[in-house]
$ cat protein.pdb   # PDB, C-alpha atoms, pLDDT in the B column
MODEL        1
ATOM      1  CA  MET A   1     117.457  46.523   9.452  1.00 88.00           C
ATOM      2  CA  ILE A   2     115.639  49.103  11.553  1.00 93.00           C
ATOM      3  CA  LEU A   3     115.249  46.443  14.259  1.00 95.00           C
ATOM      4  CA  ALA A   4     119.010  45.782  14.334  1.00 96.00           C
ATOM      5  CA  ILE A   5     119.696  49.543  14.589  1.00 95.00           C
ATOM      6  CA  ILE A   6     117.187  49.894  17.435  1.00 94.00           C
ATOM      7  CA  GLY A   7     118.898  46.959  19.175  1.00 93.00           C
ATOM      8  CA  PHE A   8     122.327  48.450  18.558  1.00 93.00           C
ATOM      9  CA  LEU A   9     121.471  51.890  19.994  1.00 91.00           C
ATOM     10  CA  SER A  10     119.729  50.519  23.069  1.00 91.00           C
ATOM     11  CA  GLY A  11     122.657  48.110  23.484  1.00 88.00           C
ATOM     12  CA  ILE A  12     125.099  51.033  23.638  1.00 87.00           C
ATOM     13  CA  ILE A  13     122.979  52.741  26.289  1.00 85.00           C
ATOM     14  CA  SER A  14     122.607  49.565  28.313  1.00 83.00           C
ATOM     15  CA  GLY A  15     126.348  48.793  28.006  1.00 77.00           C
ATOM     16  CA  MET A  16     126.941  52.148  29.661  1.00 74.00           C
ATOM     17  CA  GLY A  17     124.720  50.996  32.509  1.00 71.00           C
ATOM     18  CA  ILE A  18     121.925  53.513  32.024  1.00 76.00           C
ATOM     19  CA  GLY A  19     119.102  51.151  31.091  1.00 76.00           C
ATOM     20  CA  GLY A  20     118.547  49.962  27.533  1.00 81.00           C
ATOM     21  CA  GLY A  21     114.903  49.019  27.989  1.00 88.00           C
ATOM     22  CA  THR A  22     113.874  52.634  28.328  1.00 90.00           C
ATOM     23  CA  ILE A  23     115.075  53.143  24.735  1.00 91.00           C
ATOM     24  CA  LEU A  24     114.278  49.738  23.245  1.00 95.00           C
ATOM     25  CA  ILE A  25     110.637  49.403  24.289  1.00 96.00           C
ATOM     26  CA  PRO A  26     109.432  52.864  23.136  1.00 96.00           C
ATOM     27  CA  SER A  27     111.416  52.539  19.873  1.00 96.00           C
ATOM     28  CA  LEU A  28     109.675  49.266  19.032  1.00 96.00           C
ATOM     29  CA  VAL A  29     106.276  50.713  19.913  1.00 96.00           C
ATOM     30  CA  ILE A  30     106.714  54.077  18.167  1.00 95.00           C
ATOM     31  CA  PHE A  31     108.707  53.114  15.038  1.00 94.00           C
ATOM     32  CA  LYS A  32     107.537  49.549  14.445  1.00 95.00           C
ATOM     33  CA  ASN A  33     104.021  49.686  15.885  1.00 95.00           C
ATOM     34  CA  ILE A  34     104.664  46.659  18.054  1.00 96.00           C
ATOM     35  CA  GLN A  35     102.149  46.017  20.826  1.00 96.00           C
ATOM     36  CA  GLN A  36     103.296  47.201  24.272  1.00 97.00           C
ATOM     37  CA  GLN A  37     103.362  43.703  25.852  1.00 97.00           C
ATOM     38  CA  GLN A  38     105.333  42.296  22.916  1.00 97.00           C
ATOM     39  CA  ALA A  39     107.891  45.117  23.036  1.00 97.00           C
ATOM     40  CA  GLN A  40     108.336  44.396  26.759  1.00 97.00           C
ATOM     41  CA  GLY A  41     108.690  40.676  26.045  1.00 97.00           C
ATOM     42  CA  VAL A  42     111.429  41.427  23.496  1.00 96.00           C
ATOM     43  CA  ASN A  43     113.277  43.569  26.032  1.00 95.00           C
ATOM     44  CA  LEU A  44     113.092  40.853  28.693  1.00 95.00           C
ATOM     45  CA  ILE A  45     114.510  38.117  26.471  1.00 94.00           C
ATOM     46  CA  VAL A  46     117.177  40.306  24.797  1.00 92.00           C
ATOM     47  CA  PHE A  47     118.490  41.217  28.245  1.00 89.00           C
ATOM     48  CA  LEU A  48     119.157  37.574  29.218  1.00 92.00           C
ATOM     49  CA  PRO A  49     122.322  36.697  27.180  1.00 87.00           C
ATOM     50  CA  VAL A  50     124.011  40.029  27.944  1.00 82.00           C
ATOM     51  CA  ALA A  51     123.152  39.726  31.652  1.00 87.00           C
ATOM     52  CA  ILE A  52     124.487  36.163  31.874  1.00 89.00           C
ATOM     53  CA  ILE A  53     127.844  37.237  30.383  1.00 85.00           C
ATOM     54  CA  ALA A  54     128.014  40.296  32.670  1.00 83.00           C
ATOM     55  CA  LEU A  55     127.117  38.192  35.705  1.00 88.00           C
ATOM     56  CA  ILE A  56     129.881  35.648  35.046  1.00 89.00           C
ATOM     57  CA  THR A  57     132.432  38.449  34.617  1.00 85.00           C
ATOM     58  CA  HIS A  58     131.391  40.202  37.839  1.00 84.00           C
ATOM     59  CA  TYR A  59     131.198  36.939  39.760  1.00 87.00           C
ATOM     60  CA  LYS A  60     134.780  36.015  38.838  1.00 88.00           C
ATOM     61  CA  LYS A  61     135.951  39.437  39.977  1.00 84.00           C
ATOM     62  CA  GLY A  62     134.104  38.995  43.286  1.00 85.00           C
ATOM     63  CA  ASN A  63     131.895  42.062  42.812  1.00 83.00           C
ATOM     64  CA  ILE A  64     128.677  40.344  43.761  1.00 86.00           C
ATOM     65  CA  ASP A  65     127.467  40.335  47.355  1.00 83.00           C
ATOM     66  CA  PHE A  66     125.055  37.418  47.751  1.00 85.00           C
ATOM     67  CA  SER A  67     124.707  37.863  51.524  1.00 86.00           C
ATOM     68  CA  PHE A  68     121.785  40.265  51.155  1.00 89.00           C
ATOM     69  CA  ALA A  69     120.911  39.552  47.499  1.00 93.00           C
ATOM     70  CA  LYS A  70     119.331  36.164  48.363  1.00 94.00           C
ATOM     71  CA  LEU A  71     116.382  37.627  50.248  1.00 96.00           C
ATOM     72  CA  ILE A  72     115.855  40.356  47.628  1.00 97.00           C
ATOM     73  CA  ILE A  73     115.784  37.694  44.904  1.00 97.00           C
ATOM     74  CA  LEU A  74     113.276  35.528  46.806  1.00 97.00           C
ATOM     75  CA  ALA A  75     110.874  38.425  47.354  1.00 98.00           C
ATOM     76  CA  GLY A  76     111.637  39.622  43.835  1.00 98.00           C
ATOM     77  CA  LEU A  77     110.466  36.352  42.307  1.00 98.00           C
ATOM     78  CA  VAL A  78     107.070  36.780  43.966  1.00 98.00           C
ATOM     79  CA  GLY A  79     106.897  40.347  42.644  1.00 98.00           C
ATOM     80  CA  ALA A  80     107.994  39.249  39.176  1.00 98.00           C
ATOM     81  CA  ILE A  81     105.223  36.636  38.946  1.00 98.00           C
ATOM     82  CA  LEU A  82     102.560  39.114  40.073  1.00 98.00           C
ATOM     83  CA  GLY A  83     103.867  41.920  37.835  1.00 98.00           C
ATOM     84  CA  SER A  84     104.088  39.728  34.735  1.00 98.00           C
ATOM     85  CA  ILE A  85     100.606  38.269  35.167  1.00 98.00           C
ATOM     86  CA  LEU A  86      99.277  41.799  35.636  1.00 98.00           C
ATOM     87  CA  ALA A  87     101.113  42.949  32.484  1.00 98.00           C
ATOM     88  CA  ILE A  88      99.613  40.276  30.242  1.00 96.00           C
ATOM     89  CA  LYS A  89      96.115  40.980  31.553  1.00 96.00           C
ATOM     90  CA  ILE A  90      96.127  44.778  31.091  1.00 97.00           C
ATOM     91  CA  ASP A  91      94.786  46.412  27.914  1.00 97.00           C
ATOM     92  CA  PRO A  92      97.833  47.244  25.692  1.00 96.00           C
ATOM     93  CA  VAL A  93      96.948  50.940  25.291  1.00 97.00           C
ATOM     94  CA  LYS A  94      96.559  51.364  29.053  1.00 97.00           C
ATOM     95  CA  LEU A  95      99.829  49.544  29.688  1.00 98.00           C
ATOM     96  CA  ARG A  96     101.555  51.834  27.177  1.00 97.00           C
ATOM     97  CA  LYS A  97     100.310  54.900  29.052  1.00 97.00           C
ATOM     98  CA  TYR A  98     101.367  53.508  32.453  1.00 97.00           C
ATOM     99  CA  PHE A  99     104.754  52.734  30.932  1.00 97.00           C
ATOM    100  CA  GLY A 100     104.907  56.355  29.734  1.00 97.00           C
ATOM    101  CA  ILE A 101     104.252  57.611  33.265  1.00 97.00           C
ATOM    102  CA  PHE A 102     106.986  55.302  34.599  1.00 96.00           C
ATOM    103  CA  LEU A 103     109.384  56.691  31.945  1.00 95.00           C
ATOM    104  CA  LEU A 104     108.477  60.226  32.959  1.00 95.00           C
ATOM    105  CA  LEU A 105     109.534  59.432  36.546  1.00 94.00           C
ATOM    106  CA  ILE A 106     112.824  57.845  35.402  1.00 92.00           C
ATOM    107  CA  GLY A 107     113.594  60.795  33.104  1.00 92.00           C
ATOM    108  CA  THR A 108     112.927  63.302  35.877  1.00 92.00           C
ATOM    109  CA  TYR A 109     115.144  61.310  38.253  1.00 89.00           C
ATOM    110  CA  GLU A 110     117.996  61.218  35.700  1.00 86.00           C
ATOM    111  CA  LEU A 111     117.723  64.973  35.099  1.00 88.00           C
ATOM    112  CA  PHE A 112     117.674  66.055  38.714  1.00 85.00           C
ATOM    113  CA  ALA A 113     119.397  63.316  40.726  1.00 78.00           C
ATOM    114  CA  LYS A 114     122.783  64.207  42.147  1.00 67.00           C
ATOM    115  CA  LYS A 115     125.232  61.420  41.424  1.00 60.00           C
ATOM    116  CA  LYS A 116     128.068  60.656  43.803  1.00 46.00           C
TER     117      LYS A 116
ATOM    118  CA  MET B   1     111.398  40.220  61.776  1.00 63.00           C
ATOM    119  CA  ASP B   2     114.167  42.797  61.934  1.00 78.00           C
ATOM    120  CA  LYS B   3     114.095  46.050  60.040  1.00 80.00           C
ATOM    121  CA  ASN B   4     116.846  45.108  57.612  1.00 88.00           C
ATOM    122  CA  LYS B   5     115.064  41.956  56.439  1.00 93.00           C
ATOM    123  CA  LEU B   6     111.897  43.962  55.898  1.00 94.00           C
ATOM    124  CA  LYS B   7     113.888  46.399  53.766  1.00 95.00           C
ATOM    125  CA  LEU B   8     115.319  43.584  51.639  1.00 96.00           C
ATOM    126  CA  ILE B   9     111.892  42.015  51.115  1.00 97.00           C
ATOM    127  CA  SER B  10     110.321  45.356  50.158  1.00 97.00           C
ATOM    128  CA  ILE B  11     113.113  46.135  47.695  1.00 97.00           C
ATOM    129  CA  GLY B  12     112.694  42.695  46.120  1.00 98.00           C
ATOM    130  CA  LEU B  13     108.903  42.906  45.857  1.00 98.00           C
ATOM    131  CA  VAL B  14     108.894  46.359  44.257  1.00 98.00           C
ATOM    132  CA  THR B  15     111.751  45.517  41.861  1.00 97.00           C
ATOM    133  CA  GLY B  16     110.074  42.296  40.746  1.00 98.00           C
ATOM    134  CA  LEU B  17     106.671  43.963  40.324  1.00 98.00           C
ATOM    135  CA  ILE B  18     108.025  46.842  38.211  1.00 97.00           C
ATOM    136  CA  ASN B  19     110.325  44.618  36.155  1.00 97.00           C
ATOM    137  CA  GLY B  20     107.468  42.215  35.442  1.00 97.00           C
ATOM    138  CA  LEU B  21     104.833  44.853  34.789  1.00 98.00           C
ATOM    139  CA  PHE B  22     106.974  46.966  32.432  1.00 97.00           C
ATOM    140  CA  GLY B  23     109.410  44.307  31.162  1.00 96.00           C
ATOM    141  CA  SER B  24     112.214  46.655  32.175  1.00 95.00           C
ATOM    142  CA  GLY B  25     113.234  49.113  34.853  1.00 92.00           C
ATOM    143  CA  GLY B  26     114.358  46.585  37.466  1.00 93.00           C
ATOM    144  CA  GLY B  27     117.863  48.019  37.491  1.00 90.00           C
ATOM    145  CA  THR B  28     116.533  51.549  37.704  1.00 90.00           C
ATOM    146  CA  ILE B  29     114.772  50.614  40.953  1.00 93.00           C
ATOM    147  CA  VAL B  30     117.224  48.230  42.573  1.00 94.00           C
ATOM    148  CA  VAL B  31     120.522  50.109  42.059  1.00 92.00           C
ATOM    149  CA  PRO B  32     119.448  53.305  43.887  1.00 92.00           C
ATOM    150  CA  ALA B  33     117.710  51.139  46.508  1.00 94.00           C
ATOM    151  CA  LEU B  34     120.943  49.252  47.233  1.00 94.00           C
ATOM    152  CA  VAL B  35     122.960  52.468  47.319  1.00 93.00           C
ATOM    153  CA  PHE B  36     120.622  54.707  49.320  1.00 93.00           C
ATOM    154  CA  LEU B  37     118.673  52.264  51.507  1.00 94.00           C
ATOM    155  CA  LEU B  38     121.408  49.719  52.217  1.00 92.00           C
ATOM    156  CA  GLY B  39     124.509  51.894  51.811  1.00 92.00           C
ATOM    157  CA  ILE B  40     126.254  49.607  49.338  1.00 91.00           C
ATOM    158  CA  ASP B  41     128.844  51.303  47.184  1.00 88.00           C
ATOM    159  CA  ASP B  42     127.925  52.156  43.636  1.00 84.00           C
ATOM    160  CA  TYR B  43     130.128  49.697  41.776  1.00 82.00           C
ATOM    161  CA  LYS B  44     129.139  46.690  43.867  1.00 87.00           C
ATOM    162  CA  ALA B  45     125.492  47.744  43.626  1.00 90.00           C
ATOM    163  CA  HIS B  46     125.591  47.626  39.821  1.00 86.00           C
ATOM    164  CA  ALA B  47     127.182  44.159  39.813  1.00 87.00           C
ATOM    165  CA  THR B  48     124.850  42.770  42.486  1.00 92.00           C
ATOM    166  CA  ALA B  49     121.826  44.287  40.700  1.00 92.00           C
ATOM    167  CA  ILE B  50     122.475  42.026  37.706  1.00 91.00           C
ATOM    168  CA  SER B  51     122.416  38.939  39.929  1.00 93.00           C
ATOM    169  CA  ILE B  52     119.034  40.117  41.239  1.00 95.00           C
ATOM    170  CA  ILE B  53     117.430  41.153  37.933  1.00 95.00           C
ATOM    171  CA  LEU B  54     118.532  38.073  35.967  1.00 95.00           C
ATOM    172  CA  PRO B  55     116.421  35.470  37.836  1.00 96.00           C
ATOM    173  CA  LEU B  56     113.462  37.885  37.938  1.00 97.00           C
ATOM    174  CA  SER B  57     113.703  38.474  34.196  1.00 96.00           C
ATOM    175  CA  ILE B  58     113.900  34.737  33.509  1.00 97.00           C
ATOM    176  CA  VAL B  59     110.637  34.182  35.402  1.00 98.00           C
ATOM    177  CA  SER B  60     108.982  37.134  33.650  1.00 97.00           C
ATOM    178  CA  THR B  61     110.228  35.936  30.257  1.00 97.00           C
ATOM    179  CA  ILE B  62     108.616  32.520  30.860  1.00 97.00           C
ATOM    180  CA  ILE B  63     105.279  34.108  31.783  1.00 97.00           C
ATOM    181  CA  TYR B  64     105.372  36.451  28.748  1.00 97.00           C
ATOM    182  CA  PHE B  65     106.407  33.537  26.538  1.00 96.00           C
ATOM    183  CA  THR B  66     103.547  31.255  27.610  1.00 96.00           C
ATOM    184  CA  ASN B  67     101.189  34.124  26.787  1.00 94.00           C
ATOM    185  CA  SER B  68     102.825  34.374  23.321  1.00 88.00           C
ATOM    186  CA  SER B  69     103.975  37.933  24.058  1.00 90.00           C
ATOM    187  CA  ILE B  70     107.430  37.356  22.587  1.00 94.00           C
ATOM    188  CA  PRO B  71     107.635  37.855  18.799  1.00 94.00           C
ATOM    189  CA  PHE B  72     110.760  35.915  17.787  1.00 93.00           C
ATOM    190  CA  LYS B  73     110.988  37.561  14.348  1.00 95.00           C
ATOM    191  CA  VAL B  74     111.722  40.788  16.224  1.00 96.00           C
ATOM    192  CA  VAL B  75     113.950  39.220  18.885  1.00 96.00           C
ATOM    193  CA  LEU B  76     116.694  37.960  16.566  1.00 95.00           C
ATOM    194  CA  PRO B  77     117.737  41.211  14.804  1.00 96.00           C
ATOM    195  CA  VAL B  78     117.342  43.226  18.029  1.00 95.00           C
ATOM    196  CA  THR B  79     119.552  40.765  19.924  1.00 93.00           C
ATOM    197  CA  ILE B  80     122.309  40.857  17.299  1.00 93.00           C
ATOM    198  CA  GLY B  81     122.302  44.671  17.265  1.00 94.00           C
ATOM    199  CA  GLY B  82     122.019  44.702  21.052  1.00 91.00           C
ATOM    200  CA  VAL B  83     125.011  42.471  21.744  1.00 89.00           C
ATOM    201  CA  VAL B  84     127.259  44.515  19.420  1.00 91.00           C
ATOM    202  CA  GLY B  85     125.942  47.768  20.882  1.00 90.00           C
ATOM    203  CA  SER B  86     126.399  46.784  24.521  1.00 85.00           C
ATOM    204  CA  TYR B  87     129.976  45.697  23.826  1.00 85.00           C
ATOM    205  CA  ILE B  88     130.752  49.111  22.291  1.00 88.00           C
ATOM    206  CA  GLY B  89     128.880  50.872  25.080  1.00 82.00           C
ATOM    207  CA  ALA B  90     130.860  49.085  27.786  1.00 78.00           C
ATOM    208  CA  LYS B  91     134.161  49.852  25.994  1.00 80.00           C
ATOM    209  CA  THR B  92     133.461  53.587  25.623  1.00 79.00           C
ATOM    210  CA  LEU B  93     132.072  53.899  29.141  1.00 70.00           C
ATOM    211  CA  ASN B  94     135.219  55.425  30.604  1.00 71.00           C
ATOM    212  CA  LYS B  95     135.935  57.737  27.680  1.00 76.00           C
ATOM    213  CA  ILE B  96     132.933  60.042  27.914  1.00 76.00           C
ATOM    214  CA  PRO B  97     131.533  62.244  30.686  1.00 79.00           C
ATOM    215  CA  ILE B  98     128.773  60.012  32.011  1.00 74.00           C
ATOM    216  CA  ASN B  99     127.034  62.799  33.953  1.00 80.00           C
ATOM    217  CA  VAL B 100     126.489  64.883  30.824  1.00 83.00           C
ATOM    218  CA  LEU B 101     125.224  61.765  29.089  1.00 81.00           C
ATOM    219  CA  ARG B 102     122.760  61.123  31.908  1.00 83.00           C
ATOM    220  CA  LYS B 103     121.265  64.620  31.538  1.00 87.00           C
ATOM    221  CA  ILE B 104     120.859  64.182  27.778  1.00 88.00           C
ATOM    222  CA  PHE B 105     119.401  60.746  28.405  1.00 87.00           C
ATOM    223  CA  GLY B 106     116.953  62.214  30.948  1.00 90.00           C
ATOM    224  CA  GLY B 107     115.728  64.730  28.378  1.00 92.00           C
ATOM    225  CA  VAL B 108     115.277  62.088  25.684  1.00 92.00           C
ATOM    226  CA  ILE B 109     113.398  59.861  28.128  1.00 93.00           C
ATOM    227  CA  ILE B 110     110.977  62.629  29.135  1.00 95.00           C
ATOM    228  CA  TYR B 111     110.245  63.413  25.464  1.00 95.00           C
ATOM    229  CA  THR B 112     109.721  59.687  24.772  1.00 95.00           C
ATOM    230  CA  ALA B 113     107.471  59.360  27.832  1.00 96.00           C
ATOM    231  CA  ILE B 114     105.180  62.110  26.552  1.00 96.00           C
ATOM    232  CA  ARG B 115     104.943  60.412  23.156  1.00 95.00           C
ATOM    233  CA  MET B 116     104.063  57.111  24.816  1.00 96.00           C
ATOM    234  CA  ILE B 117     101.326  58.711  26.914  1.00 95.00           C
ATOM    235  CA  TRP B 118      99.743  60.670  24.037  1.00 90.00           C
ATOM    236  CA  LYS B 119     100.494  58.371  21.112  1.00 78.00           C
TER     237      LYS B 119
ENDMDL
END
$ encode --input "protein.pdb" --output "C-alpha cells"
Amino acid sequence: MILAIIGFLSGIISGMGIGGGTILIPSLVIFKNIQQQQAQGVNLIVFLPVAIIALITHYKKGNIDFSFAKLIILAGLVGAILGSILAIKIDPVKLRKYFGIFLLLIGTYELFAKKK
Amino acid sequence: MDKNKLKLISIGLVTGLINGLFGSGGGTIVVPALVFLLGIDDYKAHATAISIILPLSIVSTIIYFTNSSIPFKVVLPVTIGGVVGSYIGAKTLNKIPINVLRKIFGGVIIYTAIRMIWK
C-alpha cells in the first residue's frame, strides 16, 4: 500500500510537469530501504507508459519539433548507455550520495530560478 | 561542424548521461537547455523533451534490467499509483499557482537531498 501511495504522490508531481523521479526515488530509498540502483530502475520503467501516452497526445497536437530533436536523441543515446553502465558499476551508497548532491542542485534551481 | 550542431550534441550527451546515471532528471536538464540555449518556447520544449527522454529511458531501462536492477514486485504498485496520480496532476495543473508550488517543491527537494547525503 505504501508503494502505491508513493507512486500516486510522485505521479501527481510528474503530471504537473515538475519531475516525479525526484520524489519517487528518495521515497523508495528512505521509506522502503530499497537500494539506490533499484529505486532508479523503478523510476525509469514507471516513466515509460506515462511518457508514451503523453508523447502520442503531443504528437497529434503537433507540439513536437523533431527538426532539432533528432541530433539530441542520437547523442543522448550514447550518453544514456555510458550513464547507465556507470550507474550499475558504482557502489550503491556512493551513488545515493551523488544523487543527493544532484537533488540539492535541482532544489536550489527550483527555489531561485525566475520562470517566464 | 557548426555551433548549433555542437550545442545539440552537448545537450544530448549531458541529458543522456544524467538520466542514465541517476535514473531520472533528464527532463530537468533538457527543458531549460531547450528554452535557454536554443530559444524554444516553454510549451513546445516540454512536449519535445518527452520525445527526447523516452528513447533514452528505454535504453537505460534495458541496461538496468539486464543487471537485475529492476524489482518488479515494487514496479507494479508504484505504476498503478503513478498512472492515477499523473492523471490527477495533469488535470489540476491549471487550477493551482504553479510558481508557489515550485518554491514548496524546491524546499522539499533540498530537505530530501540532505537526507539522501547523510542517511
$ atom_distance --input "protein.pdb" --atom1 "atom CA of A:Gly107" --atom2 "atom CA of B:Ile110"
5.1 Å
$ residues_around --input "protein.pdb" --residues "stretch 66-82 of chain B" --least-positions-apart "4" --cutoff "6 Å" --atoms "all atoms listed in the file" --output "PDB file with C-alpha atoms, in the coordinates of the input"
ATOM      1  CA  LEU A   3     115.249  46.443  14.259  1.00 95.00           C
ATOM      2  CA  ALA A   4     119.010  45.782  14.334  1.00 96.00           C
ATOM      3  CA  GLY A   7     118.898  46.959  19.175  1.00 93.00           C
ATOM      4  CA  PHE A   8     122.327  48.450  18.558  1.00 93.00           C
ATOM      5  CA  GLY A  11     122.657  48.110  23.484  1.00 88.00           C
ATOM      6  CA  GLN A  38     105.333  42.296  22.916  1.00 97.00           C
ATOM      7  CA  GLY A  41     108.690  40.676  26.045  1.00 97.00           C
ATOM      8  CA  VAL A  42     111.429  41.427  23.496  1.00 96.00           C
ATOM      9  CA  VAL A  46     117.177  40.306  24.797  1.00 92.00           C
TER      10      VAL A  46
ATOM     11  CA  SER B  86     126.399  46.784  24.521  1.00 85.00           C
TER      12      SER B  86
END
$ resolve_selection --input "protein.pdb" --expression "the ChimeraX specification (/A :<7) & /B" --output "VMD selection string"
chain B and resid 8 to 9 11 to 24 44 47 to 48 50 to 52 54 56 to 57 59 to 61 63 to 64 69 to 71 74 to 75 77 to 90 93 102 to 103 106 to 107 109 to 110 113 to 114 116 to 117
$ write_last_selection --input "protein.pdb" --atoms "C-alpha atoms" --output "PDB file, in the frame of the given file"
ATOM      1  CA  LEU B   8     115.319  43.584  51.639  1.00 96.00           C
ATOM      2  CA  ILE B   9     111.892  42.015  51.115  1.00 97.00           C
ATOM      3  CA  ILE B  11     113.113  46.135  47.695  1.00 97.00           C
ATOM      4  CA  GLY B  12     112.694  42.695  46.120  1.00 98.00           C
ATOM      5  CA  LEU B  13     108.903  42.906  45.857  1.00 98.00           C
ATOM      6  CA  VAL B  14     108.894  46.359  44.257  1.00 98.00           C
ATOM      7  CA  THR B  15     111.751  45.517  41.861  1.00 97.00           C
ATOM      8  CA  GLY B  16     110.074  42.296  40.746  1.00 98.00           C
ATOM      9  CA  LEU B  17     106.671  43.963  40.324  1.00 98.00           C
ATOM     10  CA  ILE B  18     108.025  46.842  38.211  1.00 97.00           C
ATOM     11  CA  ASN B  19     110.325  44.618  36.155  1.00 97.00           C
ATOM     12  CA  GLY B  20     107.468  42.215  35.442  1.00 97.00           C
ATOM     13  CA  LEU B  21     104.833  44.853  34.789  1.00 98.00           C
ATOM     14  CA  PHE B  22     106.974  46.966  32.432  1.00 97.00           C
ATOM     15  CA  GLY B  23     109.410  44.307  31.162  1.00 96.00           C
ATOM     16  CA  SER B  24     112.214  46.655  32.175  1.00 95.00           C
ATOM     17  CA  LYS B  44     129.139  46.690  43.867  1.00 87.00           C
ATOM     18  CA  ALA B  47     127.182  44.159  39.813  1.00 87.00           C
ATOM     19  CA  THR B  48     124.850  42.770  42.486  1.00 92.00           C
ATOM     20  CA  ILE B  50     122.475  42.026  37.706  1.00 91.00           C
ATOM     21  CA  SER B  51     122.416  38.939  39.929  1.00 93.00           C
ATOM     22  CA  ILE B  52     119.034  40.117  41.239  1.00 95.00           C
ATOM     23  CA  LEU B  54     118.532  38.073  35.967  1.00 95.00           C
ATOM     24  CA  LEU B  56     113.462  37.885  37.938  1.00 97.00           C
ATOM     25  CA  SER B  57     113.703  38.474  34.196  1.00 96.00           C
ATOM     26  CA  VAL B  59     110.637  34.182  35.402  1.00 98.00           C
ATOM     27  CA  SER B  60     108.982  37.134  33.650  1.00 97.00           C
ATOM     28  CA  THR B  61     110.228  35.936  30.257  1.00 97.00           C
ATOM     29  CA  ILE B  63     105.279  34.108  31.783  1.00 97.00           C
ATOM     30  CA  TYR B  64     105.372  36.451  28.748  1.00 97.00           C
ATOM     31  CA  SER B  69     103.975  37.933  24.058  1.00 90.00           C
ATOM     32  CA  ILE B  70     107.430  37.356  22.587  1.00 94.00           C
ATOM     33  CA  PRO B  71     107.635  37.855  18.799  1.00 94.00           C
ATOM     34  CA  VAL B  74     111.722  40.788  16.224  1.00 96.00           C
ATOM     35  CA  VAL B  75     113.950  39.220  18.885  1.00 96.00           C
ATOM     36  CA  PRO B  77     117.737  41.211  14.804  1.00 96.00           C
ATOM     37  CA  VAL B  78     117.342  43.226  18.029  1.00 95.00           C
ATOM     38  CA  THR B  79     119.552  40.765  19.924  1.00 93.00           C
ATOM     39  CA  ILE B  80     122.309  40.857  17.299  1.00 93.00           C
ATOM     40  CA  GLY B  81     122.302  44.671  17.265  1.00 94.00           C
ATOM     41  CA  GLY B  82     122.019  44.702  21.052  1.00 91.00           C
ATOM     42  CA  VAL B  83     125.011  42.471  21.744  1.00 89.00           C
ATOM     43  CA  VAL B  84     127.259  44.515  19.420  1.00 91.00           C
ATOM     44  CA  GLY B  85     125.942  47.768  20.882  1.00 90.00           C
ATOM     45  CA  SER B  86     126.399  46.784  24.521  1.00 85.00           C
ATOM     46  CA  TYR B  87     129.976  45.697  23.826  1.00 85.00           C
ATOM     47  CA  ILE B  88     130.752  49.111  22.291  1.00 88.00           C
ATOM     48  CA  GLY B  89     128.880  50.872  25.080  1.00 82.00           C
ATOM     49  CA  ALA B  90     130.860  49.085  27.786  1.00 78.00           C
ATOM     50  CA  LEU B  93     132.072  53.899  29.141  1.00 70.00           C
ATOM     51  CA  ARG B 102     122.760  61.123  31.908  1.00 83.00           C
ATOM     52  CA  LYS B 103     121.265  64.620  31.538  1.00 87.00           C
ATOM     53  CA  GLY B 106     116.953  62.214  30.948  1.00 90.00           C
ATOM     54  CA  GLY B 107     115.728  64.730  28.378  1.00 92.00           C
ATOM     55  CA  ILE B 109     113.398  59.861  28.128  1.00 93.00           C
ATOM     56  CA  ILE B 110     110.977  62.629  29.135  1.00 95.00           C
ATOM     57  CA  ALA B 113     107.471  59.360  27.832  1.00 96.00           C
ATOM     58  CA  ILE B 114     105.180  62.110  26.552  1.00 96.00           C
ATOM     59  CA  MET B 116     104.063  57.111  24.816  1.00 96.00           C
ATOM     60  CA  ILE B 117     101.326  58.711  26.914  1.00 95.00           C
TER      61      ILE B 117
END
$ residues_around --input "protein.pdb" --residues "stretch 29-37 of chain B" --least-positions-apart "2" --cutoff "7 Å" --atoms "all atoms listed in the file" --output "list of chain:residue names"
B:Ile11, B:Thr15, B:Gly25, B:Gly26, B:Gly27, B:Gly39, B:Ile40, B:Asp41, B:Asp42, B:Ala45, B:His46, B:Ala49
$ write_last_selection --input "protein.pdb" --atoms "C-alpha atoms" --output "mmCIF file, in the coordinates of the input"
data_model
loop_
_atom_site.group_PDB
_atom_site.id
_atom_site.type_symbol
_atom_site.label_atom_id
_atom_site.label_comp_id
_atom_site.auth_asym_id
_atom_site.auth_seq_id
_atom_site.Cartn_x
_atom_site.Cartn_y
_atom_site.Cartn_z
ATOM 1 C CA ILE B 11 113.113 46.135 47.695
ATOM 2 C CA THR B 15 111.751 45.517 41.861
ATOM 3 C CA GLY B 25 113.234 49.113 34.853
ATOM 4 C CA GLY B 26 114.358 46.585 37.466
ATOM 5 C CA GLY B 27 117.863 48.019 37.491
ATOM 6 C CA GLY B 39 124.509 51.894 51.811
ATOM 7 C CA ILE B 40 126.254 49.607 49.338
ATOM 8 C CA ASP B 41 128.844 51.303 47.184
ATOM 9 C CA ASP B 42 127.925 52.156 43.636
ATOM 10 C CA ALA B 45 125.492 47.744 43.626
ATOM 11 C CA HIS B 46 125.591 47.626 39.821
ATOM 12 C CA ALA B 49 121.826 44.287 40.700
#
$ atom_distance --input "protein.pdb" --atom1 "atom CA of A:Asp91" --atom2 "atom CA of B:Thr28"
24.4 Å
$ atom_distance --input "protein.pdb" --atom1 "atom CA of B:Lys119" --atom2 "atom CA of B:Val100"
28.5 Å
$ axis_aligned_box --input "protein.pdb" --around "stretch 62-70 of chain A" --padding-each-side "6 Å" --output "AutoDock Vina command-line options"
--center_x 126.7 --center_y 39.1 --center_z 47.2 --size_x 26.8 --size_y 17.9 --size_z 20.7
